[in-house]
Amino acid sequence: MYMKTENVEDGRRVFDHMGERNVVSWTSLLGGYAQNGMNEEVLELFLTMQMEGIKPNPYTFAAVLGALASEGMVEKGVQVHCLIVKLGFKTVTFVSNSLISMYLRSGMGKDARLVFDGMATKNAVTWNCMISGFVTNGLDFAALETFYDMRLAGVKFTQMTFIPLIKLCANRKELGFTRQLHCRVLKDGFNFDPKIKTALMVAYSKCSEINDAFKLFSTMHEAQNVVSWTAMISGHLQNGEIQEAVKLFCLMNKEGVKPNDFTYSTILTAQPAVSPFQIHAQAIKANYEKSPSVGTAILDAYVKLGNIEEAAKAFEQIDERDIVAWSAMLAGYAQIGDSEGATNIFMQLVKEGIKPNEFTFSSVINACASPTAPFEQGKQFHAWSIKSKLSDALCVCSALITMYAKRGNIDNAYQVFRRQQERDLTSWNSMISGYAQHGHAKKALEIFEEMRRENMEMDDITFIGVISACSHAGLVDEGERYFNVMIEKHRISPTMQLYSCMVDLYSRAGMLDKAMDIINMMPFPAGATVWRTLLAASRVHCHLELGKLAAEQLISLQPQDSAAYVLLSNIYAAAGNWHERRNVRKLMDQRKVKKEAGYSWIEVKNKTHSFLASDHSHPMSYQIYSKLDELKMRLKDMGYQPDTDHVLQDIADEDKETILSQHSERLAIAFGLIATPPRTALQIVKNLRVCGDCHTVIKLISLIEGRDIVVRDTNRFHHFKAGSCCCGDYW
C-alpha cells in the first residue's frame, strides 16, 4: 500500500520491522522500489535477499528484470537470465516476457528473438512486447513480420498490438497500411480507445491527411485530453497550417484543457504566428519554464528571433539541462557568430560532466566559422571530435567542411569531404559552395557532376552554389545551362536567392540588359539582394540610369541600409556628377543613415588585430607605416601606378593616392608581414569589398614578399600567390 502511494520510506520501515520475511515480502519491496524508479536499490536488495537465503520466485525476477531494463544494465540482466534458467523459471510466460522486454529495451533484438522462439507458451503480451520492441529499435520489417505471425497463430489483438504498429506507419508515412490498421481497429471494437485514436491522428497528420486526423479528433468528444489536443496542434504545424495550430491552442485553453510541457514545446515552433514572450509568460504561470523540454523550446524560439540575451536567461532557468538544451544554446551563439560565447558554453558543459554529442560539436564548430573566431579554435574542436569518435558523424563533417571553407582553408575542407564514409545533401552542398566562394569554379562543377553521377537528390541550395561558381568565374553559358537543368530536369522552382545568382551572373559579365530581363520575368517582386547586386554592377560598369533605378528600389525596401546610398553616390562620383553625390550624402544625413566603416583584421599568434583605414591606434603603428612606405617604393620600381578612380572624392590626385595606400587591408597585410616569419601565409578578413587598386597591390605584394595571402571580403575569397589571384581578376 505504501509503495503504491509513493511512500517508499514508510513501506521500507514496515518491511524492516517485520519479524519474519518471506519471498512475497521481498518481492513486494523490490516491486515497490522498481515502481518508484529506484532501480539501483532494486539490484542491491535482490543480492541481499539471496544472501539471506531467500529463493526468488518468478514475480521477483519480473520486478528485477524491469529495473535492469530501465537502467540499461543488460550485463547484469544476462546474469539474472542465467539464474532464471538454473532455477527452472524460463518456462514461465511472464518471466520470459520480462526477459524479452529487457533485451529489446537494451537494443538486443537477436537475444530477444531467441527467448521468444524458445517459449512454449506465448500470450498476447509476448507478441505485443516483440512488436513494440522491434518498432522502438527501428526494426520495422521484423515488427510487421511478427504481427503477421501473430495473426496466423490466432492470437487476439489488443490495444497494445495496434499502437506500436500505427506509430510505425507514422514514422514511415505509410498511409495505405494506416488505413488498413484503422479498419481492423474498427472491426475489433477498439475505435473508442483514446490512445489508439490519438496514434491514428498522429499517423494521418504525418501522412499529410490532416483532414482525416481532425475528423478523428472531432469524434473523441469527452475523451479529448491534453495529449490529443497536442497531437492535433502538432499535426497542423507539420502540415504547414500554422494559423490553424494557433487557433486550436487558443480553443484548447478556452475549453479548460491545461497545456502540458509537450504542448508548450510544440506551440513555440509556430513562429511568427505566436509571440515567444507570450508563450513564455504562460509557461512561467503554469510552472513549466524550468522543464527541460519547455525551457529548450523557449530558448530556441528566442534564438530564432536573434535574441540571445533572452535565450541565455531561459537556458539558466532550466532545472536539469540535458545535452539538447546545451546544444540549442550553442547553436544560438553559432547563429550570431559569437565563437567566444559558444566556446564558454562548451567548456561549461564539459566542466559539469555532460558528454558532448555530435550536435554539440556541430554547433560549436559552426560558431568557429565566424570570421572573428580564432582559426586555431576550430582545429582544436576538430581534434576533440576525433578524440570523442564523433568526427565521422554527418552533421560534424558538414560543419567542418563549412568551417574550413569559410576560414580560407579549402584544402582541409576537401580532405574532410573525401574522408566521409557517408555523405548527405548538406555535405555535397557545403563543398560546392566552398569551392564557389574560393573561386574554384572548375572544382565546384566537378563535385556537382560527381554528385549527379551518384544520383544524389539536389535542392535549390545545390544550384545556388553551382551558379555562384559560374558567376565568380565568368562562365555565363554554363550558368544559364545549369539554371535550365534545375527547372526542367529537377523540377526545382527558382527562389529569390537563385534569381539573385542569375542577376549576379549577368551583371558581373556586364550583361546588364539580361540581368534586367531576369528581374522582369520573376514571378514575385525582386528583393533587396537582387537590387543590391544590380546596383553594385551598375557601379562597376558605370551605368548611371540603371544604378539610379536599382538604388531607388533598394532604398524603398531598406531605407536604413547604407550600401544603397554609398553605391549610388559612388556612381555619381565616377560620372563626375559631384552635385548629385552631395545630394545623396545629404539624404543620408537627413535619414540618419551612417556609412559602415571599412574594417580589416588579421590573426597573429592567436590574437586578432583589427584596422580601420588610415588607422594609427595600433601599438606597432610606426612599424606598420614604415613597412607601407617600403612597399610603396618597391611597388613603384615594379611599375605600379595607383588607380585613383577608386577614390570617389573631389580631391587632388596626390591625396587620393594617400587614401588608397592606407586602406585597412593594406595596414593589416603590413602588420602581418612584420609580425610573422618570412614565407608565412597571411589571412585577412574585410567587412567590405576589396577595391580594384588594393587587389592589384596585394597581387604584387605576394610576389615581392614571396607570401601566400588570402583575403576574405564580403563577396568571396581571394587567394594571392606569386603575383596572381585565384579569381583571375574576375572579382
# chains A, B, ... in the order shown; residues from 1 in each chain; ligands from 1
>>> select_by_dssp(residues="range 412-477 of chain A", states="helix (DSSP H, G or I)", output="VMD selection string")
chain A and resid 412 to 419 425 to 437 441 to 453 460 to 473 476 to 477
>>> residues_around(residues="range 101-114 of chain A", least_positions_apart="5", cutoff="12 Å", atoms="only C-alpha atoms", output="ChimeraX atom specification")
/A:61-78,80-81,94-96,119,125-140,142-143,146
>>> atom_distance(atom1="CA of Leu168 in chain A", atom2="CA of Gly37 in chain A")
27.9 Å
>>> residues_around(residues="Ala613 in chain A", least_positions_apart="2", cutoff="10 Å", atoms="only C-alpha atoms", output="ChimeraX atom specification")
/A:597-600,611,615-616,659-668
>>> residues_around(residues="Glu422 in chain A", least_positions_apart="5", cutoff="9 Å", atoms="only C-alpha atoms", output="JSON, numbers by chain")
{"A": [392, 393, 394]}
>>> write_last_selection(atoms="N, CA and C atoms", output="tab-separated table (two decimals), in the first residue's frame")
chain	number	residue	atom	x	y	z
A	392	ASP	N	33.21	11.54	-37.58
A	392	ASP	CA	32.63	10.98	-38.81
A	392	ASP	C	31.12	11.18	-38.89
A	393	ALA	N	30.52	11.74	-37.83
A	393	ALA	CA	29.07	12.00	-37.86
A	393	ALA	C	28.75	13.00	-38.96
A	394	LEU	N	27.64	12.78	-39.64
A	394	LEU	CA	27.30	13.63	-40.79
A	394	LEU	C	27.27	15.11	-40.46
>>> residues_around(residues="Val350 in chain A", least_positions_apart="3", cutoff="12 Å", atoms="only C-alpha atoms", output="ChimeraX atom specification")
/A:323,326,343-347,353-357,360-361,384
>>> write_last_selection(atoms="N, CA and C atoms", output="PDB file, in the first residue's frame")
ATOM      1  N   ILE A 323      21.641  17.406 -22.794  1.00  0.00           N
ATOM      2  CA  ILE A 323      22.534  17.731 -23.914  1.00  0.00           C
ATOM      3  C   ILE A 323      21.800  18.497 -25.013  1.00  0.00           C
ATOM      4  N   TRP A 326      21.884  22.194 -23.973  1.00  0.00           N
ATOM      5  CA  TRP A 326      23.231  22.730 -24.192  1.00  0.00           C
ATOM      6  C   TRP A 326      23.491  22.963 -25.683  1.00  0.00           C
ATOM      7  N   THR A 343      32.185  28.900 -27.194  1.00  0.00           N
ATOM      8  CA  THR A 343      33.285  28.182 -26.540  1.00  0.00           C
ATOM      9  C   THR A 343      33.081  28.127 -25.026  1.00  0.00           C
ATOM     10  N   ASN A 344      32.644  29.240 -24.450  1.00  0.00           N
ATOM     11  CA  ASN A 344      32.403  29.284 -22.997  1.00  0.00           C
ATOM     12  C   ASN A 344      31.322  28.285 -22.584  1.00  0.00           C
ATOM     13  N   ILE A 345      30.245  28.215 -23.391  1.00  0.00           N
ATOM     14  CA  ILE A 345      29.159  27.270 -23.095  1.00  0.00           C
ATOM     15  C   ILE A 345      29.672  25.833 -23.208  1.00  0.00           C
ATOM     16  N   PHE A 346      30.467  25.567 -24.246  1.00  0.00           N
ATOM     17  CA  PHE A 346      31.003  24.222 -24.452  1.00  0.00           C
ATOM     18  C   PHE A 346      31.880  23.807 -23.270  1.00  0.00           C
ATOM     19  N   MET A 347      32.765  24.709 -22.833  1.00  0.00           N
ATOM     20  CA  MET A 347      33.658  24.387 -21.718  1.00  0.00           C
ATOM     21  C   MET A 347      32.862  24.205 -20.425  1.00  0.00           C
ATOM     22  N   GLY A 353      30.300  17.828 -16.461  1.00  0.00           N
ATOM     23  CA  GLY A 353      30.268  16.383 -16.649  1.00  0.00           C
ATOM     24  C   GLY A 353      29.328  15.903 -17.729  1.00  0.00           C
ATOM     25  N   ILE A 354      28.849  16.832 -18.566  1.00  0.00           N
ATOM     26  CA  ILE A 354      27.973  16.447 -19.682  1.00  0.00           C
ATOM     27  C   ILE A 354      28.839  15.994 -20.848  1.00  0.00           C
ATOM     28  N   LYS A 355      28.518  14.862 -21.412  1.00  0.00           N
ATOM     29  CA  LYS A 355      29.304  14.342 -22.536  1.00  0.00           C
ATOM     30  C   LYS A 355      28.790  14.946 -23.839  1.00  0.00           C
ATOM     31  N   PRO A 356      29.638  15.688 -24.585  1.00  0.00           N
ATOM     32  CA  PRO A 356      29.181  16.291 -25.848  1.00  0.00           C
ATOM     33  C   PRO A 356      28.783  15.218 -26.855  1.00  0.00           C
ATOM     34  N   ASN A 357      27.730  15.495 -27.627  1.00  0.00           N
ATOM     35  CA  ASN A 357      27.354  14.581 -28.713  1.00  0.00           C
ATOM     36  C   ASN A 357      27.672  15.237 -30.056  1.00  0.00           C
ATOM     37  N   THR A 360      26.372  18.794 -30.486  1.00  0.00           N
ATOM     38  CA  THR A 360      27.132  19.771 -29.707  1.00  0.00           C
ATOM     39  C   THR A 360      28.364  20.212 -30.490  1.00  0.00           C
ATOM     40  N   PHE A 361      29.102  19.227 -31.010  1.00  0.00           N
ATOM     41  CA  PHE A 361      30.300  19.547 -31.800  1.00  0.00           C
ATOM     42  C   PHE A 361      29.940  20.312 -33.070  1.00  0.00           C
ATOM     43  N   TRP A 384      39.160  17.491 -30.953  1.00  0.00           N
ATOM     44  CA  TRP A 384      38.341  16.994 -29.838  1.00  0.00           C
ATOM     45  C   TRP A 384      37.274  16.031 -30.342  1.00  0.00           C
TER      46      TRP A 384
END
>>> closest_atom_pairs(of="range 557-576 of chain A", to="range 671-695 of chain A", cutoff="12 Å", atoms="only C-alpha atoms", output="Markdown table")
| residue | atom | partner | partner_atom | distance |
| --- | --- | --- | --- | --- |
| A:Ala563 | CA | A:Leu688 | CA | 10.0 |
| A:Val566 | CA | A:Leu688 | CA | 12.0 |
| A:Leu567 | CA | A:Arg689 | CA | 11.7 |
>>> write_last_selection(atoms="N, CA and C atoms", output="tab-separated table (two decimals), in the first residue's frame")
chain	number	residue	atom	x	y	z
A	563	ALA	N	24.42	50.80	-47.79
A	563	ALA	CA	25.02	50.35	-49.05
A	563	ALA	C	24.38	51.01	-50.27
A	566	VAL	N	25.58	54.68	-50.53
A	566	VAL	CA	27.01	54.76	-50.83
A	566	VAL	C	27.28	54.38	-52.28
A	567	LEU	N	26.68	53.28	-52.74
A	567	LEU	CA	26.90	52.85	-54.12
A	567	LEU	C	26.36	53.88	-55.12
>>> residues_around(residues="range 227-234 of chain A", least_positions_apart="6", cutoff="6 Å", atoms="only C-alpha atoms", output="JSON, numbers by chain")
{"A": [198, 245, 263]}
>>> residues_around(residues="Val485 in chain A", least_positions_apart="3", cutoff="12 Å", atoms="only C-alpha atoms", output="list of chain:residue names")
A:Arg452, A:Met458, A:Asp460, A:Phe463, A:Val466, A:Ile467, A:Glu478, A:Gly479, A:Glu480, A:Arg481, A:Tyr482, A:Glu488, A:Lys489, A:His490, A:Arg491, A:Ile492, A:Ser493, A:Pro494
>>> closest_residue(among="A:Ala297, A:Val711, A:Asp459, A:Leu400", to="Ala383 in chain A", atoms="only C-alpha atoms")
A:Leu400
